Every structure is written in C-alpha cells, then in structure tokens.
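K.L.:
File name my_file36.cif; file contents mmCIF, C-alpha atoms and all ligand atoms; full text below.
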data_run
#
loop_
_atom_site.label_atom_id
_atom_site.label_comp_id
_atom_site.auth_asym_id
_atom_site.auth_seq_id
_atom_site.Cartn_x
_atom_site.Cartn_y
_atom_site.Cartn_z
CA MET D 15 2.19 -1.48 -5.53
CA THR D 16 0.91 2.04 -6.10
CA ASP D 17 2.34 5.26 -7.45
CA ASN D 18 1.99 7.28 -4.25
CA SER D 19 3.06 10.59 -5.74
CA ASN D 20 0.36 10.30 -8.39
CA VAL D 21 -2.31 9.64 -5.74
CA ALA D 22 -1.21 12.71 -3.78
CA ALA D 23 -1.24 14.90 -6.86
CA ARG D 24 -4.73 13.78 -7.84
CA ILE D 25 -6.09 14.29 -4.33
CA THR D 26 -4.72 17.80 -3.94
CA ALA D 27 -5.90 18.70 -7.43
CA MET D 28 -9.53 18.03 -6.53
CA PRO D 29 -11.64 21.10 -5.73
CA PRO D 30 -11.98 21.31 -1.93
CA VAL D 31 -15.76 21.72 -2.20
CA MET D 32 -15.92 18.11 -3.38
CA LEU D 33 -14.66 16.99 0.01
CA ASP D 34 -17.28 18.85 2.06
CA GLY D 35 -20.38 17.40 0.42
CA PRO D 36 -22.54 14.60 1.74
CA VAL D 37 -21.14 11.09 1.54
CA GLY D 38 -22.28 9.52 -1.71
CA SER D 39 -23.15 5.92 -2.32
CA PRO D 40 -20.19 3.56 -2.06
CA PRO D 41 -18.96 2.01 -5.31
CA PRO D 42 -21.05 -1.07 -6.18
CA GLY D 43 -19.56 -4.21 -4.69
CA LEU D 44 -17.38 -2.45 -2.14
CA ASP D 45 -17.17 -4.40 1.11
CA LEU D 46 -17.73 -1.70 3.75
CA ARG D 47 -15.90 -3.70 6.44
CA TRP D 48 -12.50 -2.91 4.92
CA VAL D 49 -10.32 -0.49 6.86
CA TRP D 50 -8.30 1.33 4.22
CA GLN D 51 -4.78 2.64 4.59
CA ILE D 52 -3.99 4.75 1.54
CA PRO D 53 -0.54 6.36 1.09
CA THR D 54 -0.72 9.99 0.04
CA GLY D 55 2.78 11.29 0.76
CA VAL D 56 2.47 14.98 1.64
CA ILE D 57 -0.90 16.49 2.58
CA THR D 58 -1.34 20.25 2.46
CA ILE D 59 -3.98 22.48 4.01
CA GLU D 60 -4.81 25.85 2.48
CA THR D 61 -5.82 28.62 4.86
CA TYR D 62 -7.35 31.92 3.80
CA ASN D 63 -5.80 35.09 5.25
CA GLY D 64 -8.63 37.60 5.56
CA ALA D 65 -6.35 40.45 6.71
CA GLU D 66 -4.20 40.23 3.56
CA ALA D 67 -7.32 40.00 1.40
CA GLU D 68 -8.72 43.15 3.01
CA ILE D 69 -5.45 45.04 2.39
CA ASN D 70 -5.60 44.04 -1.28
CA ARG D 71 -9.28 45.00 -1.55
CA VAL D 72 -8.57 48.48 -0.16
CA ARG D 73 -5.61 48.96 -2.50
CA LEU D 74 -7.74 47.98 -5.51
CA THR D 75 -10.60 50.33 -4.60
CA ASP D 76 -8.52 53.36 -3.55
CA PRO D 77 -7.36 55.27 -6.67
CA SER D 78 -4.95 57.41 -4.62
CA GLY D 79 -2.87 54.30 -3.96
CA TRP D 80 -1.95 53.80 -7.63
CA ASP D 81 1.11 55.69 -8.85
CA GLY D 82 0.29 54.95 -12.49
CA GLU D 83 3.13 52.52 -13.07
CA ARG D 84 3.10 49.65 -10.61
CA PRO D 85 -0.30 47.96 -10.22
CA PRO D 86 -1.79 48.53 -6.76
CA VAL D 87 -1.96 44.76 -6.13
CA THR D 88 0.71 42.40 -7.46
CA ALA D 89 0.68 38.64 -7.91
CA GLU D 90 2.80 38.42 -4.76
CA ASP D 91 0.18 40.41 -2.85
CA LEU D 92 -2.56 38.04 -4.02
CA ALA D 93 -0.47 34.99 -3.11
CA ARG D 94 -0.31 36.20 0.50
CA GLU D 95 -4.09 35.75 0.78
CA THR D 96 -3.60 31.97 0.87
CA THR D 97 -1.21 30.04 3.08
CA VAL D 98 -0.39 26.45 2.10
CA THR D 99 0.87 24.41 5.03
CA PRO D 100 1.96 20.75 4.95
CA VAL D 101 0.27 18.62 7.61
CA ALA D 102 2.87 17.43 10.16
CA CYS D 103 2.68 14.46 12.52
CA PRO D 104 1.98 15.88 16.02
CA ALA D 105 4.26 13.26 17.58
CA CYS D 106 7.37 13.15 15.34
CA GLY D 107 6.87 16.18 13.08
CA THR D 108 7.30 14.45 9.75
CA THR D 109 5.36 15.85 6.79
CA THR D 110 6.15 13.02 4.33
CA GLY D 111 5.06 9.43 3.91
CA LEU D 112 1.61 10.09 5.37
CA ALA D 113 -1.38 7.84 4.73
CA PHE D 114 -5.14 8.12 5.14
CA ARG D 115 -6.73 5.42 7.34
CA GLY D 116 -10.40 4.59 7.78
CA ARG D 117 -13.47 2.85 6.37
CA TRP D 118 -15.98 4.21 3.86
CA GLY D 119 -18.01 6.84 5.76
CA ASP D 120 -15.41 7.25 8.52
CA PRO D 121 -13.54 10.52 9.01
CA ALA D 122 -9.98 9.97 7.79
CA ASP D 123 -7.22 9.47 10.30
CA LEU D 124 -3.63 10.11 9.27
CA ILE D 125 -0.75 7.73 9.91
CA CYS D 126 2.93 8.64 9.64
CA PRO D 127 5.69 6.16 8.75
CA CYS D 128 6.42 5.69 12.50
CA GLY D 129 2.84 4.53 13.08
CA HIS D 130 1.58 7.64 14.90
CA ARG D 131 -2.13 8.16 14.21
CA TRP D 132 -4.25 11.32 14.51
CA PRO D 133 -7.43 12.80 13.00
CA LEU D 134 -7.18 14.66 9.69
CA PRO D 135 -7.56 18.39 10.51
CA GLY D 136 -10.31 20.42 8.90
CA GLY D 137 -13.43 19.12 10.62
CA ARG D 138 -15.51 15.95 10.45
CA ALA D 139 -17.27 16.64 7.12
CA TYR D 140 -13.95 17.38 5.43
CA ALA D 141 -12.33 14.29 6.96
CA VAL D 142 -15.20 12.01 5.88
CA GLY D 143 -15.08 13.45 2.36
CA ALA D 144 -11.30 13.05 2.18
CA MET D 145 -11.54 9.38 3.21
CA THR D 146 -14.24 8.49 0.68
CA HIS D 147 -12.42 10.43 -2.02
CA ALA D 148 -9.17 8.59 -1.31
CA ILE D 149 -10.99 5.25 -1.43
CA ILE D 150 -12.57 6.13 -4.80
CA LEU D 151 -9.13 7.03 -6.18
CA ALA D 152 -7.61 3.83 -4.82
CA ILE D 153 -10.36 1.72 -6.41
CA ALA D 154 -9.98 3.61 -9.70
CA GLN D 155 -6.29 2.73 -9.74
CA GLN D 156 -6.33 -0.79 -8.29
CA GLY D 157 -9.87 -2.07 -8.67
CA LEU D 158 -12.20 -3.31 -5.96
CA PRO D 159 -10.66 -5.34 -3.14
CA PRO D 160 -12.10 -8.80 -2.48
CA ALA D 161 -14.59 -9.31 0.33
CA ALA D 162 -13.11 -8.57 3.74
CA PRO D 163 -12.22 -11.56 5.91
CA THR D 164 -14.87 -12.31 8.51
CA THR D 165 -12.22 -12.52 11.23
CA GLY D 166 -9.26 -10.26 11.76
CA ASP D 167 -9.60 -6.48 11.56
CA ALA D 168 -12.29 -5.89 14.17
CA PRO D 169 -14.63 -2.95 13.77
CA GLU D 170 -13.35 0.16 15.47
CA ALA D 171 -15.20 2.25 17.99
ZN ZN Q 1 4.85 10.44 13.56
#
Show this structure as structure tokens.
P.N.:
Amino acid sequence: MTDNSNVAARITAMPPVMLDGPVGSPPPGLDLRWVWQIPTGVITIETYNGAEAEINRVRLTDPSGWDGERPPVTAEDLARETTVTPVACPACGTTTGLAFRGRWGDPADLICPCGHRWPLPGGRAYAVGAMTHAIILAIAQQGLPPAAPTTGDAPEA
C-alpha cells in the first residue's frame, strides 16, 4: 500500500528542529479521532558526543598539535562527534519493521512487527512532533482518510 522505505528516508531527512516545535494546525478535514499506525522501517537517533567535540576543538585551536602535513582534525575525527543509533524494540530487540502509532497531537509510540509497543525516545515534544510529521507525510502520499467510524477504536487514555 505504501513505499515504507521512502517514508523512512523522508522522515530521517527532515531537520530535527522541525520535530521539536509546537504542534501546528492539523490538515484541513483531518478526523482527529483516527489512531494512525505508520510504517517507517528503521528509526535512528543521533546523539552528540561532547567529549569528542572538545578534543577536536582543542586540536583545532592548538597550533603545536599540527605537524604541517596531516590536518589536526580529520573527517573521521568529526564523525566521532555524532553517534547514530538505530532504535531497537526493548522486548525483542528488532530494529526493522517499526511503525509510529498515535493520533494527531499524541506523542508517538513505536510498534515492532511482533506487536510490542513503547514510547518513542527523545522526550514528549520530540515524540509529538514525530507523530504529527509522520501523519503529514502519510497524508501527502495517500490523501486524507475518510471520517473515523463512530464505534470501534476507542479513545486511549
Ligand atoms: Zn518487539
């Protein structure tokens, strides 16, 4: 039904700051009762390594550390400032086939192919932004869903 790999690529390509902002208005016509489950495949979290960044800063500002041939900080040194880690299911450990789950304005939960469910790491603001962003991408690719049925998926606590 959807090209999951394309959704994942577009989500990870978005600047992270977009996911921390306030929740915008929902797309016109969106029925807010829908609970979305949006496949994303692999989800990665980038963490900043302050110790490696400080080592690089000192190397760049200390002229005695440069031998005149090799630059004091290489691309490999810079790459160590950021660690990219795939999110793994806390129950079964899988890092693939993951999906976002939640309504517009909810913090995103993650679901693995086994059905395990847990909150998206990164804090509430990030998780809310990730859910709304995933819903916007899903609507952009598939269009608005019809009105939610009045019975069935009960509101969650
Ligand atoms: Zn699992």
K.L.:
Which residues are near Arg73 (chain D)? Cut-off 12 Å, only C-alpha atoms, ignore same chain within fewer than 2 positions. Put them as a PyMOL selection string.
P.N.:
chain D and resi 66-71+75-81+84-88+91-92
K.L.:
Could you check how far CA of Val49 (chain D) sits from CA of Val98 (chain D), in Å to one decimal?
P.N.:
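Distance between the two atoms: 29.1 Å.
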K.L.:
Using all atoms listed in the file, determine which residues fall within 7 Å of ligand ZN 1 (chain Q), then list them as a PyMOL selection string.
P.N.:
chain D and resi 103-108+126-130
K.L.:
The selected residues should be written to file as a CSV table (one decimal), in the frame of the given file (atoms: C-alpha atoms).
P.N.:
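Written out: result00.csv:
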chain,number,residue,atom,x,y,z
D,103,CYS,CA,2.7,14.5,12.5
D,104,PRO,CA,2.0,15.9,16.0
D,105,ALA,CA,4.3,13.3,17.6
D,106,CYS,CA,7.4,13.2,15.3
D,107,GLY,CA,6.9,16.2,13.1
D,108,THR,CA,7.3,14.4,9.8
D,126,CYS,CA,2.9,8.6,9.6
D,127,PRO,CA,5.7,6.2,8.8
D,128,CYS,CA,6.4,5.7,12.5
D,129,GLY,CA,2.8,4.5,13.1
D,130,HIS,CA,1.6,7.6,14.9
K.L.:
Pick from D:Val101, D:Ile153, D:Ala148, D:Leu158: nearest to Leu134 (chain D), with all atoms listed in the file counted?
P.N.:
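Of D:Val101, D:Ile153, D:Ala148, D:Leu158, the one nearest Leu134 (chain D) is D:Val101, counting all atoms listed in the file.
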K.L.:
What's the 8 Å shell around Trp50 (chain D), counting only C-alpha atoms, without same-chain residues fewer than 2 positions away, as a PyMOL selection string?
P.N.:
chain D and resi 48+52+114-117+149
K.L.:
How many Å separate CA of Ala141 (chain D) from CA of Trp118 (chain D)?
P.N.:
11.2 Å
K.L.:
Hey, which of D:Pro42, D:Gly55, D:Glu95, D:Arg47 ends up closest to Asp120 (chain D)? Count all atoms listed in the file.
P.N.:
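Among the listed residues, D:Arg47 lies closest to Asp120 (chain D).
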K.L.:
Can you sort out the box for region 141-150 of chain D, edges along x, y and z, all listed atoms in, 8 Å on every side, with centre and edge lengths in Å to one decimal, as lines of an AutoDock Vina configuration file?
P.N.:
center_x = -12.2
center_y = 9.8
center_z = 1.1
size_x = 22.0
size_y = 25.0
size_z = 27.8
K.L.:
Find the residues around region 60-62 of chain D up to 8 Å (all atoms listed in the file counted), leave out those fewer than 2 positions away in its own chain, and share them as a list in words.
P.N.:
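What passes the distance filter is Thr58, Gly64, Glu95, Thr96, Thr97, Val98 and Thr99 of chain D.
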K.L.:
Using only C-alpha atoms, pick whichever of D:Gln155, D:Pro133, D:Ala89, D:Met145 has the shortest atom-to-atom distance to Ala102 (chain D).
P.N.:
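Checking each candidate against Ala102 (chain D), we get D:Pro133 as the closest.
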K.L.:
Could you state the separation of CA of Ala113 (chain D) and CA of Pro163 (chain D) in Å, given to one decimal place?
P.N.:
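So the two atoms, CA of Ala113 (chain D) and CA of Pro163 (chain D), lie 22.3 Å apart.
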K.L.:
Measuring atom to atom with all atoms listed in the file, identify which of D:Ala65, D:Val56, D:Ala122, D:Ala154 is nearest to Tyr140 (chain D).
P.N.:
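That would be D:Ala122, the residue with the smallest distance to Tyr140 (chain D).
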K.L.:
Would you mind completing region 88-124 of chain D to N, CA and C atoms and writing the output as a compact mmCIF listing (two decimals), keeping the file's coordinate frame?
P.N.:
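Contents of out09.txt, as written:
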# COMPACT_ATOMS: atom_id res chain seq x y z
N THR D 88 -0.12 43.26 -6.62
CA THR D 88 0.71 42.40 -7.46
C THR D 88 0.34 40.93 -7.25
N ALA D 89 0.90 40.07 -8.07
CA ALA D 89 0.68 38.64 -7.91
C ALA D 89 1.18 38.17 -6.54
N GLU D 90 2.28 38.78 -6.08
CA GLU D 90 2.80 38.42 -4.76
C GLU D 90 1.81 38.81 -3.66
N ASP D 91 1.18 39.99 -3.83
CA ASP D 91 0.18 40.41 -2.85
C ASP D 91 -0.98 39.41 -2.80
N LEU D 92 -1.44 39.00 -3.97
CA LEU D 92 -2.56 38.04 -4.02
C LEU D 92 -2.17 36.70 -3.41
N ALA D 93 -0.91 36.28 -3.63
CA ALA D 93 -0.47 34.99 -3.11
C ALA D 93 -0.49 34.98 -1.58
N ARG D 94 -0.31 36.16 -0.96
CA ARG D 94 -0.31 36.20 0.50
C ARG D 94 -1.69 35.98 1.10
N GLU D 95 -2.74 36.00 0.26
CA GLU D 95 -4.09 35.75 0.78
C GLU D 95 -4.29 34.28 1.14
N THR D 96 -3.46 33.40 0.61
CA THR D 96 -3.60 31.97 0.87
C THR D 96 -2.29 31.43 1.42
N THR D 97 -2.37 30.69 2.52
CA THR D 97 -1.21 30.04 3.08
C THR D 97 -1.37 28.53 2.90
N VAL D 98 -0.36 27.90 2.29
CA VAL D 98 -0.39 26.45 2.10
C VAL D 98 0.59 25.84 3.09
N THR D 99 0.06 25.00 3.97
CA THR D 99 0.87 24.41 5.03
C THR D 99 0.83 22.89 4.93
N PRO D 100 1.99 22.22 4.92
CA PRO D 100 1.96 20.75 4.95
C PRO D 100 1.52 20.27 6.33
N VAL D 101 0.71 19.22 6.35
CA VAL D 101 0.27 18.62 7.61
C VAL D 101 1.46 17.85 8.19
N ALA D 102 1.75 18.09 9.48
CA ALA D 102 2.87 17.43 10.16
C ALA D 102 2.35 16.51 11.24
N CYS D 103 3.03 15.38 11.43
CA CYS D 103 2.68 14.46 12.52
C CYS D 103 2.86 15.18 13.85
N PRO D 104 1.84 15.18 14.74
CA PRO D 104 1.98 15.88 16.02
C PRO D 104 2.98 15.21 16.95
N ALA D 105 3.33 13.96 16.69
CA ALA D 105 4.26 13.26 17.58
C ALA D 105 5.71 13.38 17.10
N CYS D 106 5.98 13.16 15.81
CA CYS D 106 7.37 13.15 15.34
C CYS D 106 7.67 14.29 14.37
N GLY D 107 6.64 15.00 13.90
CA GLY D 107 6.87 16.18 13.08
C GLY D 107 7.06 15.93 11.61
N THR D 108 7.06 14.68 11.17
CA THR D 108 7.30 14.45 9.75
C THR D 108 6.11 14.94 8.92
N THR D 109 6.41 15.40 7.70
CA THR D 109 5.36 15.85 6.79
C THR D 109 5.29 14.94 5.56
N THR D 110 6.11 13.89 5.51
CA THR D 110 6.15 13.02 4.33
C THR D 110 5.77 11.59 4.71
N GLY D 111 5.39 10.84 3.70
CA GLY D 111 5.06 9.43 3.91
C GLY D 111 3.76 9.22 4.65
N LEU D 112 2.87 10.20 4.63
CA LEU D 112 1.61 10.09 5.37
C LEU D 112 0.60 9.24 4.60
N ALA D 113 -0.33 8.65 5.34
CA ALA D 113 -1.38 7.84 4.73
C ALA D 113 -2.71 8.14 5.40
N PHE D 114 -3.78 8.07 4.60
CA PHE D 114 -5.14 8.12 5.14
C PHE D 114 -5.49 6.74 5.69
N ARG D 115 -6.27 6.70 6.80
CA ARG D 115 -6.73 5.42 7.34
C ARG D 115 -8.18 5.55 7.76
N GLY D 116 -9.00 4.60 7.36
CA GLY D 116 -10.40 4.59 7.78
C GLY D 116 -11.24 3.75 6.83
N ARG D 117 -12.51 3.56 7.23
CA ARG D 117 -13.47 2.85 6.37
C ARG D 117 -14.30 3.86 5.60
N TRP D 118 -15.03 3.37 4.60
CA TRP D 118 -15.98 4.21 3.86
C TRP D 118 -16.97 4.83 4.85
N GLY D 119 -17.09 6.16 4.84
CA GLY D 119 -18.01 6.84 5.76
C GLY D 119 -17.36 7.30 7.04
N ASP D 120 -16.15 6.79 7.34
CA ASP D 120 -15.41 7.25 8.52
C ASP D 120 -14.70 8.56 8.20
N PRO D 121 -14.49 9.42 9.22
CA PRO D 121 -13.54 10.52 9.01
C PRO D 121 -12.13 9.94 8.90
N ALA D 122 -11.33 10.50 7.99
CA ALA D 122 -9.98 9.97 7.79
C ALA D 122 -9.10 10.26 8.99
N ASP D 123 -8.37 9.26 9.42
CA ASP D 123 -7.22 9.47 10.30
C ASP D 123 -5.98 9.55 9.42
N LEU D 124 -4.91 10.13 9.96
CA LEU D 124 -3.63 10.11 9.27
C LEU D 124 -2.67 9.22 10.04
